[in-house]
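This report concerns only the one structure given below.
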Amino acid sequence: MKQTSLLSVVIAAVIATPVLALDILPYQADAFSRARSEGKVTAIQFHSGWCPVCVMQERGVKALMNDKTMGGVIVFQADYFKEEALRRRFDVSSFSTLVVFRGELERARTTGDFRPEQLKQLFAKAL
């Protein structure tokens, strides 16, 4: 009887746990490279905590986390100041820039967009 109850609790917890369609991770070069080489839809968000537009953009991206149409998009949040070489690599010259890839190819980019509807359209270009 106890095993049945425990199994019921586990199943209920799994069913109740939301499945995230979009994931936001701190930028790590290895993880980003691996995801791109696997053909996943990825994005780099060049971010700074004191930048108000960056903060609003982060909120806009987070608003899409449970949107199932985002189909496993992974957003890597890169510190604008610490990732200088990454900025040069992708020719980024401003805060709140999102660069979206499907696999190795850049599909879209934006600077300053923060509304979830705008961001969803941006990610859709790579889905």
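For the structure tokens, the naming scheme is as follows: chains receive sequential letters (A, B, ...) according to their order of presentation, residues are indexed from 1 within each chain, and ligands are indexed from 1 in presentation order.
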### Nearby residues (only C-alpha atoms) at most 6 Å from stretch 78-83 of chain A, same-chain spacing under 6 positions excluded, as a PyMOL selection string
chain A and resi 27+45-48
Can I get the selected residues back with all heavy atoms, as a PDB file, in the first residue's frame?
```
ATOM      1  N   TYR A  27      25.861  32.035 -19.675  1.00  0.00           N
ATOM      2  CA  TYR A  27      26.704  31.678 -20.819  1.00  0.00           C
ATOM      3  C   TYR A  27      27.897  30.847 -20.359  1.00  0.00           C
ATOM      4  O   TYR A  27      28.612  31.211 -19.439  1.00  0.00           O
ATOM      5  CB  TYR A  27      27.214  32.930 -21.538  1.00  0.00           C
ATOM      6  CG  TYR A  27      28.202  32.581 -22.622  1.00  0.00           C
ATOM      7  CD1 TYR A  27      27.762  32.054 -23.828  1.00  0.00           C
ATOM      8  CD2 TYR A  27      29.569  32.742 -22.420  1.00  0.00           C
ATOM      9  CE1 TYR A  27      28.660  31.700 -24.814  1.00  0.00           C
ATOM     10  CE2 TYR A  27      30.475  32.391 -23.407  1.00  0.00           C
ATOM     11  CZ  TYR A  27      30.021  31.873 -24.605  1.00  0.00           C
ATOM     12  OH  TYR A  27      30.919  31.512 -25.572  1.00  0.00           O
ATOM     13  N   GLN A  45      22.114  36.351 -25.163  1.00  0.00           N
ATOM     14  CA  GLN A  45      21.586  37.633 -24.713  1.00  0.00           C
ATOM     15  C   GLN A  45      22.735  38.374 -24.040  1.00  0.00           C
ATOM     16  O   GLN A  45      23.234  37.955 -22.997  1.00  0.00           O
ATOM     17  CB  GLN A  45      20.437  37.424 -23.735  1.00  0.00           C
ATOM     18  CG  GLN A  45      19.865  38.714 -23.205  1.00  0.00           C
ATOM     19  CD  GLN A  45      18.841  38.474 -22.111  1.00  0.00           C
ATOM     20  OE1 GLN A  45      18.895  37.483 -21.400  1.00  0.00           O
ATOM     21  NE2 GLN A  45      17.926  39.407 -21.976  1.00  0.00           N
ATOM     22  N   PHE A  46      23.186  39.455 -24.670  1.00  0.00           N
ATOM     23  CA  PHE A  46      24.261  40.271 -24.093  1.00  0.00           C
ATOM     24  C   PHE A  46      23.614  41.223 -23.094  1.00  0.00           C
ATOM     25  O   PHE A  46      22.839  42.092 -23.468  1.00  0.00           O
ATOM     26  CB  PHE A  46      25.025  41.007 -25.196  1.00  0.00           C
ATOM     27  CG  PHE A  46      25.845  40.071 -26.023  1.00  0.00           C
ATOM     28  CD1 PHE A  46      25.317  39.471 -27.150  1.00  0.00           C
ATOM     29  CD2 PHE A  46      27.143  39.760 -25.646  1.00  0.00           C
ATOM     30  CE1 PHE A  46      26.071  38.585 -27.911  1.00  0.00           C
ATOM     31  CE2 PHE A  46      27.911  38.869 -26.393  1.00  0.00           C
ATOM     32  CZ  PHE A  46      27.366  38.286 -27.535  1.00  0.00           C
ATOM     33  N   HIS A  47      23.956  41.033 -21.841  1.00  0.00           N
ATOM     34  CA  HIS A  47      23.189  41.572 -20.729  1.00  0.00           C
ATOM     35  C   HIS A  47      24.095  42.276 -19.732  1.00  0.00           C
ATOM     36  O   HIS A  47      25.246  41.899 -19.557  1.00  0.00           O
ATOM     37  CB  HIS A  47      22.492  40.376 -20.053  1.00  0.00           C
ATOM     38  CG  HIS A  47      21.600  40.725 -18.932  1.00  0.00           C
ATOM     39  ND1 HIS A  47      22.037  40.859 -17.637  1.00  0.00           N
ATOM     40  CD2 HIS A  47      20.269  40.943 -18.896  1.00  0.00           C
ATOM     41  CE1 HIS A  47      21.019  41.152 -16.858  1.00  0.00           C
ATOM     42  NE2 HIS A  47      19.940  41.207 -17.596  1.00  0.00           N
ATOM     43  N   SER A  48      23.542  43.282 -19.079  1.00  0.00           N
ATOM     44  CA  SER A  48      24.194  43.907 -17.937  1.00  0.00           C
ATOM     45  C   SER A  48      23.111  44.189 -16.901  1.00  0.00           C
ATOM     46  O   SER A  48      22.042  44.700 -17.260  1.00  0.00           O
ATOM     47  CB  SER A  48      24.888  45.203 -18.341  1.00  0.00           C
ATOM     48  OG  SER A  48      25.474  45.796 -17.206  1.00  0.00           O
TER      49      SER A  48
END
```
#### Entry: DSSP strand (DSSP E or B) selection over stretch 3-123 of chain A, as number ranges by chain
A: 22-26, 41-47, 73-79, 97-102, 105-111
Using N, CA, C and O atoms, can you export the residues from the last selection as a short mmCIF file (atom, residue, chain, number, x, y, z; two decimals), in the first residue's frame?
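Once everything was written out, this is part_29.cif:
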```
data_model
loop_
_atom_site.label_atom_id
_atom_site.label_comp_id
_atom_site.auth_asym_id
_atom_site.auth_seq_id
_atom_site.Cartn_x
_atom_site.Cartn_y
_atom_site.Cartn_z
N LEU A 22 11.35 26.98 -23.11
CA LEU A 22 12.51 27.84 -23.33
C LEU A 22 13.32 27.84 -22.05
O LEU A 22 12.75 27.92 -20.96
N ASP A 23 14.62 27.73 -22.19
CA ASP A 23 15.48 27.67 -21.02
C ASP A 23 16.45 28.84 -21.05
O ASP A 23 16.93 29.21 -22.13
N ILE A 24 16.75 29.41 -19.91
CA ILE A 24 17.71 30.51 -19.80
C ILE A 24 18.85 30.03 -18.91
O ILE A 24 18.63 29.62 -17.78
N LEU A 25 20.06 30.08 -19.46
CA LEU A 25 21.25 29.61 -18.75
C LEU A 25 22.33 30.67 -18.77
O LEU A 25 22.42 31.44 -19.72
N PRO A 26 23.19 30.69 -17.76
CA PRO A 26 24.36 31.57 -17.83
C PRO A 26 25.25 31.10 -18.99
O PRO A 26 25.35 29.89 -19.23
N VAL A 41 18.20 25.37 -31.41
CA VAL A 41 17.97 26.81 -31.49
C VAL A 41 18.52 27.42 -30.21
O VAL A 41 18.09 27.08 -29.11
N THR A 42 19.49 28.29 -30.38
CA THR A 42 20.13 28.94 -29.23
C THR A 42 20.13 30.45 -29.45
O THR A 42 19.95 30.92 -30.57
N ALA A 43 20.34 31.16 -28.38
CA ALA A 43 20.47 32.61 -28.47
C ALA A 43 21.47 33.04 -27.42
O ALA A 43 21.61 32.40 -26.37
N ILE A 44 22.15 34.12 -27.72
CA ILE A 44 22.99 34.77 -26.71
C ILE A 44 22.37 36.12 -26.42
O ILE A 44 22.10 36.90 -27.34
N GLN A 45 22.11 36.35 -25.16
CA GLN A 45 21.59 37.63 -24.71
C GLN A 45 22.73 38.37 -24.04
O GLN A 45 23.23 37.95 -23.00
N PHE A 46 23.19 39.45 -24.67
CA PHE A 46 24.26 40.27 -24.09
C PHE A 46 23.61 41.22 -23.09
O PHE A 46 22.84 42.09 -23.47
N HIS A 47 23.96 41.03 -21.84
CA HIS A 47 23.19 41.57 -20.73
C HIS A 47 24.09 42.28 -19.73
O HIS A 47 25.25 41.90 -19.56
N VAL A 73 14.05 26.24 -27.16
CA VAL A 73 15.03 27.32 -27.36
C VAL A 73 15.87 27.45 -26.09
O VAL A 73 15.34 27.41 -24.99
N ILE A 74 17.17 27.62 -26.26
CA ILE A 74 18.07 27.83 -25.13
C ILE A 74 18.68 29.23 -25.25
O ILE A 74 19.33 29.52 -26.25
N VAL A 75 18.45 30.06 -24.26
CA VAL A 75 19.02 31.41 -24.23
C VAL A 75 20.18 31.41 -23.25
O VAL A 75 20.01 31.10 -22.08
N PHE A 76 21.35 31.74 -23.76
CA PHE A 76 22.54 31.87 -22.92
C PHE A 76 22.71 33.34 -22.61
O PHE A 76 22.87 34.16 -23.51
N GLN A 77 22.69 33.67 -21.33
CA GLN A 77 22.84 35.07 -20.92
C GLN A 77 24.32 35.36 -20.66
O GLN A 77 24.92 34.80 -19.75
N ALA A 78 24.88 36.23 -21.48
CA ALA A 78 26.30 36.58 -21.39
C ALA A 78 26.45 37.97 -20.79
O ALA A 78 25.74 38.91 -21.18
N ASP A 79 27.37 38.11 -19.87
CA ASP A 79 27.68 39.42 -19.29
C ASP A 79 28.35 40.27 -20.35
O ASP A 79 29.40 39.91 -20.89
N THR A 97 21.40 43.09 -26.65
CA THR A 97 21.39 42.48 -27.98
C THR A 97 21.17 40.98 -27.82
O THR A 97 21.83 40.34 -27.02
N LEU A 98 20.25 40.47 -28.60
CA LEU A 98 19.97 39.03 -28.66
C LEU A 98 20.35 38.55 -30.05
O LEU A 98 19.90 39.10 -31.05
N VAL A 99 21.20 37.53 -30.11
CA VAL A 99 21.60 36.93 -31.37
C VAL A 99 21.07 35.49 -31.35
O VAL A 99 21.39 34.73 -30.43
N VAL A 100 20.27 35.13 -32.35
CA VAL A 100 19.59 33.84 -32.38
C VAL A 100 20.18 32.97 -33.47
O VAL A 100 20.40 33.42 -34.59
N PHE A 101 20.41 31.71 -33.13
CA PHE A 101 21.02 30.74 -34.05
C PHE A 101 20.14 29.51 -34.16
O PHE A 101 19.44 29.15 -33.23
N ARG A 102 20.24 28.87 -35.29
CA ARG A 102 19.76 27.49 -35.44
C ARG A 102 20.98 26.72 -35.88
O ARG A 102 21.50 26.94 -36.98
N LEU A 105 24.24 28.50 -37.75
CA LEU A 105 23.88 29.69 -38.53
C LEU A 105 23.09 30.71 -37.73
O LEU A 105 22.12 30.37 -37.04
N GLU A 106 23.49 31.97 -37.85
CA GLU A 106 22.73 33.06 -37.23
C GLU A 106 21.45 33.25 -38.04
O GLU A 106 21.50 33.35 -39.26
N ARG A 107 20.33 33.29 -37.35
CA ARG A 107 19.03 33.44 -38.02
C ARG A 107 18.39 34.81 -37.79
O ARG A 107 17.59 35.25 -38.61
N ALA A 108 18.72 35.46 -36.67
CA ALA A 108 18.10 36.74 -36.36
C ALA A 108 18.87 37.42 -35.24
O ALA A 108 19.61 36.77 -34.50
N ARG A 109 18.67 38.72 -35.15
CA ARG A 109 19.22 39.47 -34.02
C ARG A 109 18.39 40.72 -33.81
O ARG A 109 17.74 41.21 -34.71
N THR A 110 18.46 41.21 -32.59
CA THR A 110 17.75 42.43 -32.25
C THR A 110 18.49 43.11 -31.11
O THR A 110 19.21 42.47 -30.35
N THR A 111 18.29 44.40 -31.02
CA THR A 111 18.83 45.17 -29.90
C THR A 111 17.70 46.02 -29.33
O THR A 111 17.03 46.74 -30.08
#
```
Using only C-alpha atoms, find each residue of stretch 28-92 of chain A with at least one atom at most 12 Å away from an atom of stretch 117-122 of chain A; report its shortest atom-to-atom pair and that distance in Å (one decimal), sort the rows by chain and rising residue number, and return the result as a tab-separated table.
```
residue	atom	partner	partner_atom	distance
A:Val41	CA	A:Leu122	CA	11.5
A:Thr42	CA	A:Leu122	CA	11.7
A:Ala43	CA	A:Leu122	CA	10.2
A:Gln45	CA	A:Leu119	CA	11.5
A:Met56	CA	A:Leu119	CA	11.5
A:Gln57	CA	A:Leu119	CA	8.5
A:Glu58	CA	A:Leu119	CA	10.3
A:Arg59	CA	A:Leu119	CA	10.7
A:Gly60	CA	A:Leu119	CA	7.1
A:Val61	CA	A:Leu119	CA	6.9
A:Lys62	CA	A:Leu119	CA	10.3
A:Ala63	CA	A:Glu117	CA	9.7
A:Leu64	CA	A:Lys120	CA	7.4
A:Met65	CA	A:Lys120	CA	10.6
A:Asn66	CA	A:Lys120	CA	12.0
A:Asp67	CA	A:Lys120	CA	9.2
A:Lys68	CA	A:Lys120	CA	11.2
A:Thr69	CA	A:Lys120	CA	9.0
A:Met70	CA	A:Lys120	CA	7.7
A:Gly71	CA	A:Lys120	CA	11.3
A:Val73	CA	A:Lys120	CA	10.6
A:Val75	CA	A:Leu119	CA	11.5
```
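Nearest to A:Pro52 of all the residues A:Gly103, A:Gly72, A:Gly39, A:Gly112 is A:Gly112, based on only C-alpha atoms.
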### Backbone-only DSSP, helix (DSSP H, G or I) members of stretch 18-66 of chain A, as a ChimeraX atom specification
/A:29-37,52-62
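For the pair atom CA of A:Ala35 and atom CA of A:Phe90, the interatomic distance is 16.7 Å.
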#### Entry: atom CA of A:Ser96 to atom CA of A:Val53, straight-line distance in Å
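If I compute the distance from atom CA of A:Val53 to atom CA of A:Ser96, I get 6.4 Å.
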